[in-house]
Structure formats: C-alpha cells, structure tokens
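Trainee: Next comes query-v9.tsv, TSV, C-alpha atoms and all ligand atoms:
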chain	number	residue	atom	x	y	z
A	1	MET	CA	-12.95	-3.37	-38.56
A	2	GLU	CA	-9.67	-2.73	-36.83
A	3	LYS	CA	-7.78	-5.75	-35.45
A	4	THR	CA	-7.64	-5.09	-31.75
A	5	ALA	CA	-5.92	-6.35	-28.62
A	6	LEU	CA	-7.55	-5.77	-25.24
A	7	ILE	CA	-5.19	-5.64	-22.27
A	8	THR	CA	-6.69	-5.38	-18.80
A	9	GLY	CA	-4.59	-3.29	-16.42
A	10	GLY	CA	-2.55	-1.68	-19.19
A	11	SER	CA	-1.72	1.57	-17.42
A	12	ARG	CA	1.53	0.47	-15.77
A	13	GLY	CA	3.90	-2.39	-15.10
A	14	ILE	CA	3.62	-5.55	-17.15
A	15	GLY	CA	0.32	-4.57	-18.81
A	16	ARG	CA	1.79	-1.28	-20.04
A	17	GLU	CA	4.71	-3.07	-21.64
A	18	ILE	CA	2.40	-5.63	-23.27
A	19	ALA	CA	0.29	-2.77	-24.68
A	20	LEU	CA	3.38	-1.08	-26.18
A	21	ARG	CA	4.68	-4.36	-27.59
A	22	LEU	CA	1.39	-5.43	-29.20
A	23	ALA	CA	0.97	-1.93	-30.67
A	24	LYS	CA	4.26	-2.56	-32.51
A	25	GLU	CA	2.65	-5.67	-34.02
A	26	GLY	CA	0.00	-3.43	-35.57
A	27	TYR	CA	-2.89	-4.03	-33.18
A	28	GLN	CA	-5.18	-1.23	-32.12
A	29	ILE	CA	-4.77	-1.31	-28.34
A	30	PHE	CA	-7.64	-1.12	-25.89
A	31	LEU	CA	-6.32	-0.92	-22.35
A	32	THR	CA	-8.16	-0.72	-19.08
A	33	TYR	CA	-7.25	0.86	-15.76
A	34	VAL	CA	-8.98	1.35	-12.46
A	35	SER	CA	-7.21	4.07	-10.46
A	36	LYS	CA	-4.62	5.91	-12.56
A	37	PRO	CA	-6.19	7.61	-15.61
A	38	GLU	CA	-3.14	9.82	-16.13
A	39	LEU	CA	-0.86	6.81	-16.51
A	40	ALA	CA	-3.31	5.09	-18.87
A	41	GLN	CA	-3.42	8.26	-20.99
A	42	LYS	CA	0.39	8.38	-21.10
A	43	VAL	CA	0.46	4.86	-22.56
A	44	VAL	CA	-2.12	5.89	-25.17
A	45	ASN	CA	-0.09	9.01	-26.04
A	46	LEU	CA	3.12	7.02	-26.35
A	47	ILE	CA	1.52	4.45	-28.67
A	48	GLU	CA	0.03	7.25	-30.81
A	49	SER	CA	3.38	9.08	-30.95
A	50	GLN	CA	4.84	5.88	-32.41
A	51	GLY	CA	2.17	5.76	-35.11
A	52	GLY	CA	-0.15	3.28	-33.41
A	53	LYS	CA	-3.76	3.46	-32.28
A	54	ALA	CA	-4.91	3.10	-28.68
A	55	ARG	CA	-7.74	3.92	-26.29
A	56	SER	CA	-7.98	3.61	-22.53
A	57	PHE	CA	-11.06	2.73	-20.49
A	58	LEU	CA	-11.91	2.97	-16.82
A	59	LEU	CA	-13.03	-0.57	-16.02
A	60	ASP	CA	-12.87	-2.47	-12.76
A	61	THR	CA	-12.56	-5.98	-14.13
A	62	GLY	CA	-13.64	-7.30	-10.73
A	63	LYS	CA	-17.17	-6.00	-11.43
A	64	TRP	CA	-18.93	-8.61	-13.55
A	65	GLU	CA	-21.78	-6.42	-14.87
A	66	ASP	CA	-19.38	-3.57	-15.72
A	67	VAL	CA	-17.31	-5.92	-17.85
A	68	VAL	CA	-20.41	-7.16	-19.69
A	69	SER	CA	-21.52	-3.55	-20.36
A	70	PHE	CA	-18.03	-2.59	-21.52
A	71	PHE	CA	-18.01	-5.38	-24.10
A	72	GLN	CA	-21.50	-4.44	-25.27
A	73	GLU	CA	-20.71	-0.74	-25.59
A	74	GLU	CA	-17.12	-0.69	-26.82
A	75	ILE	CA	-16.19	-4.03	-28.36
A	76	ASN	CA	-19.08	-6.07	-29.78
A	77	LYS	CA	-19.54	-5.40	-33.50
A	78	LYS	CA	-17.25	-2.35	-33.25
A	79	VAL	CA	-13.77	-3.84	-33.40
A	80	ASN	CA	-12.19	-7.06	-34.52
A	81	LEU	CA	-11.08	-8.44	-31.15
A	82	GLU	CA	-8.24	-10.85	-31.93
A	83	VAL	CA	-6.31	-10.79	-28.65
A	84	LEU	CA	-7.31	-10.65	-24.99
A	85	VAL	CA	-4.62	-10.36	-22.33
A	86	ASN	CA	-6.00	-10.88	-18.82
A	87	ASN	CA	-3.31	-8.96	-16.96
A	88	ALA	CA	-5.13	-6.95	-14.24
A	89	GLY	CA	-4.15	-8.26	-10.86
A	90	ILE	CA	-3.79	-7.24	-7.24
A	91	THR	CA	-2.25	-8.53	-4.02
A	92	ARG	CA	-3.66	-8.23	-0.49
A	93	ASP	CA	-1.08	-10.28	1.38
A	94	GLY	CA	-1.52	-11.80	4.84
A	95	LEU	CA	-0.90	-14.99	6.76
A	96	ILE	CA	-3.78	-17.46	6.69
A	97	LEU	CA	-4.58	-17.16	10.39
A	98	ARG	CA	-5.02	-13.40	10.05
A	99	LEU	CA	-6.44	-13.06	6.55
A	100	LYS	CA	-9.66	-11.04	6.41
A	101	LYS	CA	-12.71	-11.93	4.32
A	102	GLU	CA	-12.24	-8.75	2.24
A	103	GLN	CA	-8.61	-9.62	1.45
A	104	TRP	CA	-9.69	-13.05	0.22
A	105	GLU	CA	-12.66	-11.80	-1.76
A	106	GLN	CA	-10.99	-8.78	-3.41
A	107	VAL	CA	-8.10	-10.82	-4.75
A	108	LEU	CA	-10.27	-13.64	-6.05
A	109	GLN	CA	-12.72	-11.15	-7.55
A	110	VAL	CA	-10.16	-9.19	-9.56
A	111	ASN	CA	-7.59	-11.88	-10.39
A	112	LEU	CA	-9.88	-14.81	-11.15
A	113	THR	CA	-13.52	-13.75	-11.55
A	114	GLY	CA	-12.48	-10.67	-13.54
A	115	ALA	CA	-10.33	-12.78	-15.84
A	116	PHE	CA	-13.17	-15.30	-16.29
A	117	VAL	CA	-15.78	-12.75	-17.31
A	118	CYS	CA	-13.39	-11.00	-19.73
A	119	LEU	CA	-12.53	-14.40	-21.22
A	120	GLN	CA	-16.22	-15.33	-21.48
A	121	GLN	CA	-17.14	-12.08	-23.23
A	122	ALA	CA	-14.14	-12.26	-25.57
A	123	ALA	CA	-14.80	-15.92	-26.36
A	124	LYS	CA	-18.35	-15.11	-27.53
A	125	ILE	CA	-16.85	-12.85	-30.20
A	126	MET	CA	-13.88	-15.06	-31.07
A	127	VAL	CA	-16.05	-18.16	-31.50
A	128	LYS	CA	-18.05	-16.34	-34.19
A	129	GLN	CA	-14.95	-15.08	-35.99
A	130	ARG	CA	-13.24	-18.47	-35.66
A	131	TYR	CA	-9.99	-16.88	-34.46
A	132	GLY	CA	-8.64	-15.69	-31.16
A	133	ARG	CA	-5.68	-15.53	-28.85
A	134	ILE	CA	-6.28	-15.39	-25.08
A	135	ILE	CA	-3.35	-14.98	-22.71
A	136	ASN	CA	-3.79	-15.04	-18.95
A	137	ILE	CA	-1.09	-13.59	-16.73
A	138	THR	CA	-0.77	-15.97	-13.82
A	139	SER	CA	2.27	-16.25	-11.51
A	140	VAL	CA	4.97	-18.66	-10.38
A	141	VAL	CA	3.18	-18.36	-7.03
A	142	GLY	CA	0.16	-20.11	-8.58
A	143	GLN	CA	2.43	-23.07	-9.38
A	144	SER	CA	4.43	-23.28	-6.16
A	145	GLY	CA	2.42	-21.43	-3.50
A	146	ASN	CA	3.88	-18.73	-1.27
A	147	ALA	CA	3.61	-18.16	2.47
A	148	GLY	CA	1.62	-14.98	3.10
A	149	GLN	CA	-0.07	-15.11	-0.31
A	150	SER	CA	-2.66	-17.89	-0.01
A	151	ASN	CA	-5.36	-15.71	-1.58
A	152	TYR	CA	-3.12	-14.56	-4.45
A	153	ALA	CA	-1.71	-18.06	-5.04
A	154	ALA	CA	-5.22	-19.54	-5.09
A	155	SER	CA	-6.38	-16.93	-7.61
A	156	LYS	CA	-3.36	-17.57	-9.85
A	157	ALA	CA	-3.66	-21.36	-9.59
A	158	GLY	CA	-7.34	-20.92	-10.49
A	159	LEU	CA	-6.28	-18.97	-13.55
A	160	ILE	CA	-4.20	-21.95	-14.67
A	161	GLY	CA	-7.24	-24.26	-14.35
A	162	LEU	CA	-9.32	-21.73	-16.26
A	163	THR	CA	-6.67	-21.51	-19.00
A	164	LYS	CA	-6.53	-25.28	-19.49
A	165	SER	CA	-10.32	-25.69	-19.47
A	166	ALA	CA	-10.89	-22.80	-21.88
A	167	ALA	CA	-8.19	-24.16	-24.18
A	168	LEU	CA	-10.10	-27.45	-24.42
A	169	GLU	CA	-13.48	-25.79	-24.96
A	170	LEU	CA	-12.33	-23.28	-27.56
A	171	ALA	CA	-9.73	-25.18	-29.59
A	172	SER	CA	-12.23	-26.33	-32.20
A	173	ARG	CA	-12.91	-22.67	-33.04
A	174	ASN	CA	-9.26	-21.87	-33.66
A	175	ILE	CA	-8.89	-19.99	-30.37
A	176	THR	CA	-5.78	-20.61	-28.32
A	177	VAL	CA	-5.70	-19.99	-24.57
A	178	ASN	CA	-2.39	-19.90	-22.73
A	179	ALA	CA	-0.98	-18.58	-19.49
A	180	VAL	CA	2.26	-16.76	-18.82
A	181	ALA	CA	3.63	-17.24	-15.31
A	182	PRO	CA	6.07	-14.48	-14.38
A	183	GLY	CA	8.55	-14.89	-11.56
A	184	PHE	CA	9.77	-11.79	-9.74
A	185	ILE	CA	9.27	-8.80	-12.08
A	186	GLU	CA	10.28	-5.25	-11.16
A	187	THR	CA	7.01	-3.25	-11.09
A	188	ASP	CA	4.93	-1.31	-8.55
A	189	MET	CA	3.62	-4.66	-7.28
A	190	THR	CA	7.05	-5.75	-6.07
A	191	LYS	CA	8.57	-2.31	-5.38
A	192	GLU	CA	7.32	-2.10	-1.80
A	193	LEU	CA	8.81	-5.43	-0.66
A	194	PRO	CA	11.47	-5.05	2.06
A	195	GLN	CA	15.06	-5.15	0.77
A	196	GLU	CA	15.88	-8.32	2.72
A	197	ILE	CA	12.95	-10.18	1.11
A	198	LYS	CA	14.11	-9.02	-2.33
A	199	GLU	CA	17.59	-10.34	-1.59
A	200	LEU	CA	16.15	-13.69	-0.52
A	201	TYR	CA	14.25	-13.95	-3.82
A	202	LEU	CA	17.37	-12.96	-5.77
A	203	GLN	CA	19.33	-15.82	-4.20
A	204	LYS	CA	16.67	-18.22	-5.50
A	205	ILE	CA	16.80	-16.99	-9.10
A	206	PRO	CA	19.26	-19.08	-11.15
A	207	LEU	CA	19.66	-16.30	-13.74
A	208	SER	CA	20.64	-13.93	-10.87
A	209	ARG	CA	18.43	-10.99	-11.81
A	210	PHE	CA	14.87	-9.85	-11.41
A	211	GLY	CA	12.74	-9.96	-14.54
A	212	SER	CA	11.56	-6.93	-16.50
A	213	SER	CA	8.14	-6.20	-17.93
A	214	GLN	CA	9.75	-6.52	-21.38
A	215	ASP	CA	10.69	-10.13	-20.58
A	216	ILE	CA	6.98	-10.87	-20.16
A	217	ALA	CA	5.78	-8.74	-23.08
A	218	GLU	CA	8.00	-10.61	-25.56
A	219	VAL	CA	6.46	-13.96	-24.63
A	220	VAL	CA	2.94	-12.53	-24.75
A	221	ALA	CA	3.64	-11.07	-28.21
A	222	PHE	CA	4.76	-14.50	-29.43
A	223	LEU	CA	1.71	-16.27	-27.97
A	224	ALA	CA	-0.53	-13.61	-29.51
A	225	SER	CA	0.98	-14.09	-32.96
A	226	PRO	CA	-0.10	-16.51	-35.69
A	227	LYS	CA	3.31	-18.23	-35.19
A	228	ALA	CA	2.03	-19.68	-31.89
A	229	GLY	CA	-1.00	-21.26	-33.54
A	230	TYR	CA	-0.19	-24.80	-32.36
A	231	ILE	CA	0.30	-23.86	-28.69
A	232	THR	CA	-2.72	-23.98	-26.40
A	233	GLY	CA	-3.47	-24.85	-22.78
A	234	GLN	CA	0.13	-24.15	-21.76
A	235	VAL	CA	1.68	-22.30	-18.86
A	236	ILE	CA	4.90	-20.59	-19.93
A	237	GLY	CA	7.14	-19.74	-16.99
A	238	VAL	CA	9.14	-16.52	-17.39
A	239	ASN	CA	10.94	-16.64	-14.08
A	240	GLY	CA	14.71	-16.76	-14.55
A	241	GLY	CA	14.58	-20.43	-13.57
A	242	MET	CA	13.06	-19.72	-10.14
A	243	TYR	CA	10.47	-21.91	-8.47
A	244	LEU	CA	9.75	-20.73	-4.94
B	1	LIG	P1	1.01	-3.42	-11.13
B	1	LIG	O1	2.26	-2.71	-11.50
B	1	LIG	O2	0.49	-3.33	-9.74
B	1	LIG	O3	-0.15	-2.96	-12.16
B	1	LIG	C1	-1.41	-3.50	-12.02
B	1	LIG	C2	-2.27	-3.09	-13.19
B	1	LIG	O4	-3.58	-3.67	-13.02
B	1	LIG	C3	-2.50	-1.59	-13.26
B	1	LIG	O5	-2.62	-1.23	-14.61
B	1	LIG	C4	-3.83	-1.40	-12.54
B	1	LIG	O6	-4.55	-0.23	-12.95
B	1	LIG	C5	-4.56	-2.65	-12.98
B	1	LIG	N1	-5.64	-3.06	-12.10
B	1	LIG	C6	-5.57	-3.34	-10.77
B	1	LIG	N2	-6.78	-3.67	-10.30
B	1	LIG	C7	-7.63	-3.61	-11.35
B	1	LIG	C8	-9.02	-3.83	-11.51
B	1	LIG	N3	-9.79	-4.18	-10.48
B	1	LIG	N4	-9.56	-3.67	-12.73
B	1	LIG	C9	-8.79	-3.30	-13.79
B	1	LIG	N5	-7.48	-3.08	-13.70
B	1	LIG	C10	-6.90	-3.23	-12.50
B	1	LIG	O7	1.13	-4.98	-11.42
B	1	LIG	P2	2.18	-5.79	-12.33
B	1	LIG	O8	3.32	-6.17	-11.48
B	1	LIG	O9	2.38	-5.11	-13.62
B	1	LIG	O10	1.34	-7.14	-12.54
B	1	LIG	C11	0.56	-7.39	-13.71
B	1	LIG	C12	0.07	-8.83	-13.65
B	1	LIG	O11	1.21	-9.70	-13.56
B	1	LIG	C13	-0.79	-9.13	-12.44
B	1	LIG	O12	-1.81	-10.02	-12.78
B	1	LIG	C14	0.16	-9.79	-11.48
B	1	LIG	O13	-0.48	-10.64	-10.57
B	1	LIG	C15	1.06	-10.55	-12.44
B	1	LIG	N6	2.36	-10.89	-11.89
B	1	LIG	C16	3.24	-9.92	-11.50
B	1	LIG	C17	4.48	-10.30	-10.97
B	1	LIG	C18	5.50	-9.30	-10.52
B	1	LIG	O14	6.54	-9.72	-9.98
B	1	LIG	N7	5.30	-8.00	-10.71
B	1	LIG	C19	4.80	-11.65	-10.85
B	1	LIG	C20	3.88	-12.60	-11.25
B	1	LIG	C21	2.67	-12.21	-11.78
B	1	LIG	P3	-4.30	1.23	-12.26
B	1	LIG	O15	-2.97	1.72	-12.75
B	1	LIG	O16	-5.41	2.08	-12.73
B	1	LIG	O17	-4.30	1.02	-10.77
Turn this file's structure into structure tokens for me.
Ligand code: NAP

Mentor:
Amino acid sequence: MEKTALITGGSRGIGREIALRLAKEGYQIFLTYVSKPELAQKVVNLIESQGGKARSFLLDTGKWEDVVSFFQEEINKKVNLEVLVNNAGITRDGLILRLKKEQWEQVLQVNLTGAFVCLQQAAKIMVKQRYGRIINITSVVGQSGNAGQSNYAASKAGLIGLTKSAALELASRNITVNAVAPGFIETDMTKELPQEIKELYLQKIPLSRFGSSQDIAEVVAFLASPKAGYITGQVIGVNGGMYL
C-alpha cells in the first residue's frame, strides 16, 4: 500500500504548500477542499506533473459523519496513512459583544471539532500500524489571544490542548503529535485585512517580514519525517519572532 499523507484544506494557502512539499518527500498526497474544486485539481495536476501522486476530495471537515465516511471509503485498508496534517481552518471575526452564535459555532466546528475527528480516525489506523505523524496547524493567536478573534483564538488554543493530550495517549504506539503555530502568513486568509492593520502587525514582527506558506511547509515536512521521531506534544512557533 502506498505511503500517504492526508492534508485537510490542501487547495490553497498553507495547505497547498504542505501538499507540494510532502509530495517531494515521496508521499502520495490526499488533499481535501470544501469550496474550490478547481484549485484543488490544480494542486493535484502540479504534483503529478512533478512525478508525484495525488488525489483531491470534497470534504467539509466540520461535518463529523462525513469525515468518518471519508475514512471508511477512501483511507481504511486502502492506503498506508503515515501523515495527517490538520490544516483546514476558517475565521469569522467579531468583537465579543457582537459575536453571533453561528460565528462561534462555525469556527469551533471546522477548526477544532474537524481536527479532532480527523485525528481520531487517523489514530485508529496509526495505532494498528504502530507508526504515525500528526501535525495540527494552530496559530500564534491560540497562544496569545487576539482582540476580535475570540472564537478563532479559542479554537486554536483548543487545538494545542488536543495536540498535547493526543501526544500523551499515542506515544506508546510510536505516533507523534505536534502543532505548528504560524504567525502572520500571506494567504487568502490575511489578504483582506486593511493595509493599516497589516502595517501594525509588521511593526510587531522582529524579522520584519510576513511569513510565507513555504516557511510553514518546511517545518511540517521536518515534523512529518522520521528525523523528528523524538519530538512530540510540542508547539513550534513559525512567526518571525512575533507574539501579539
Ligand atoms: P486559506 O488560504 O483561507 O485556506 C484555507 C483552506 O482550508 C482551503 O484549502 C479551504 O478549502 C480549506 N477549508 C476551509 N474550510 C474547510 C472545511 N470546512 N473543510 C475542509 N477544508 C476547509 O487559509 P490559510 O491561511 O492557508 O490557513 C491554513 C491554516 O493555517 C488554517 O488552519 C489557519 O487557521 C492557519 N493559520 C493561518 C495563518 C495565516 O496568517 N494565514 C496564521 C496562523 C494560522 P477551499 O479552497 O475549498 O475553500
């Protein structure tokens, strides 16, 4: 069976770059998307044009039963799932006094519940094969908080608690679980921010530049590799030195 890496939200931004990077390490890439099939297909085409193997799947990771069915139909006993990268994430920003129930629930559902159920399904396979690498993409905001992002920060802080707990539960089966906490990375997620907010962030970044998706993908590739076999339960900040 083909050694495979599953990346949720691999159609653009950070997830796309992780997919391309792990393909270079020889993994068959399974990537999921929710709204942009054409972009997901482009990533698949690019990986194939470079001699790799990849497939894309429409999967809303915020839907628990859909994730379970996806694992049953596409992963279990069909591929050798060595790596899971929980990357899919959304923002629905708003100040606490105005935040709507839907904004709270959507963000928690996708960013935290979705990551949990993917981790749970992957862990069932990895426990049996006595090997696995799970990497959760959290955020500097989950470590420091951010005004206007209480829902997002709570989901990302939750992901850190999940990472540390899963690391403890799964270590005896040779499965490592780590989190990568990006700072400000130039993707669609940050593109829409007003220029003055971007400049404020830039002033707070000691390395004086925004991060790239490649900056994140390199760290994920290391954590996914056998070289990182003695690292588990960690949160690796990739943030140019910035803490908000
Ligand atoms: P992005 O450019 O907005 O891309 C988000 C990706 O997630 C897309 O592939 C999207 O698929 C997918 N996605 C969204 N909702 C989904 C769902 N319900 N089910 C499955 N896939 C879903 O975001 P990004 O900036 O690359 O961020 C990637 C991760 O890094 C997120 O977890 C984010 O919180 C985290 N992060 C980003 C930054 C930053 O500065 N950009 C900083 C810290 C942490 P479609 O293309 O189909 O919509």

Trainee: Which residue gives the smallest distance to ligand LIG 1 (chain B) among A:Ala19, A:Ala5, A:Ala221, A:Val79, with all atoms listed in the file counted?

Mentor: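 Of all the options, A:Ala19 lies closest to ligand LIG 1 (chain B).
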
Trainee: Enumerate as a PyMOL selection string the residues within 6 Å of ligand LIG 1 (chain B), counting all atoms listed in the file.

Mentor: chain A and resi 8-15+32-36+59-62+87-90+110+137-139+182-190

Trainee: Distance CA of Leu193 (chain A)-CA of Gln214 (chain A), one decimal place?

Mentor: 20.8 Å

Trainee: To one decimal place, how far is CA of Ser144 (chain A) from CA of Arg209 (chain A) in Å?

Mentor: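 Between these atoms lies a distance of 19.5 Å.
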
Trainee: For Lys24 (chain A), which residue out of A:Gln50, A:Asn45, A:Ser165, A:Gln109 is the nearest one, using all atoms listed in the file?

Mentor: A:Gln50

Trainee: Using only C-alpha atoms, find the one residue out of A:Asp93, A:Ser213, A:Glu2, A:Ile18 that sits nearest to Asn146 (chain A).

Mentor: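 The shortest atom-to-atom distance to Asn146 (chain A) comes from A:Asp93.
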
Trainee: Find, counting all atoms listed in the file, the residue in A:Val107, A:Ala122, A:Ala217, A:Ile47 that gets nearest to Ile175 (chain A).

Mentor: A:Ala122

Trainee: In Å to one decimal, how far is CA of Phe116 (chain A) from CA of Trp64 (chain A)?

Mentor: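 Atom-to-atom, CA of Trp64 (chain A) and CA of Phe116 (chain A) are spaced 9.2 Å apart.
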
Trainee: Considering only C-alpha atoms, return as a PyMOL selection string whatever protein or nucleic-acid residues lie within 12 Å of region 169-174 of chain A, sequence-local ones (same chain, fewer than 3 positions apart) excluded.

Mentor: chain A and resi 82+119-120+122-134+162-166+177-178+226+228-233

Trainee: Using all atoms listed in the file, which residue out of A:Ala167, A:Ala23, A:Ala40, A:Gln121 lies closest to Gln234 (chain A)?

Mentor: A:Ala167

Trainee: Taking all atoms of region 215-225 of chain A that the file lists, what box with edges along x, y and z, padded by 4 Å per side, do you get, with centre and edge lengths in Å to one decimal, as JSON?

Mentor:
{"center_x": 5.1, "center_y": -12.5, "center_z": -26.6, "size_x": 19.2, "size_y": 15.5, "size_z": 20.8}

Trainee: Compute the distance from (-3.6, -6.0, -33.7) to each atom, counting only C-alpha atoms, keep the residues with any atom at most 6 Å away, and return them as a VMD selection string; use the coordinates of the file.

Mentor: chain A and resid 3 to 5 26 to 28

Trainee: Would you pick out the contacts of Glu25 (chain A) at 10 Å or less, using only C-alpha atoms, so that residues sharing its chain but fewer than 3 positions from it are not included, and give the list as a PyMOL selection string?

Mentor: chain A and resi 20-22+28+52+221+224-225

Trainee: List as a PyMOL selection string the protein and nucleic acid residues near region 94-97 of chain A, meaning an atom at most 8 Å away when all atoms listed in the file are counted, but skip any in the same chain fewer than 5 places from it.

Mentor: chain A and resi 147-150

Trainee: Identify the residues around (8.6, -17.3, -18.8) within a radius of 8 Å, measuring from only C-alpha atoms in the coordinates stated by the file, and give them as a ChimeraX atom specification.

Mentor: /A:180-183,215-216,219,236-240
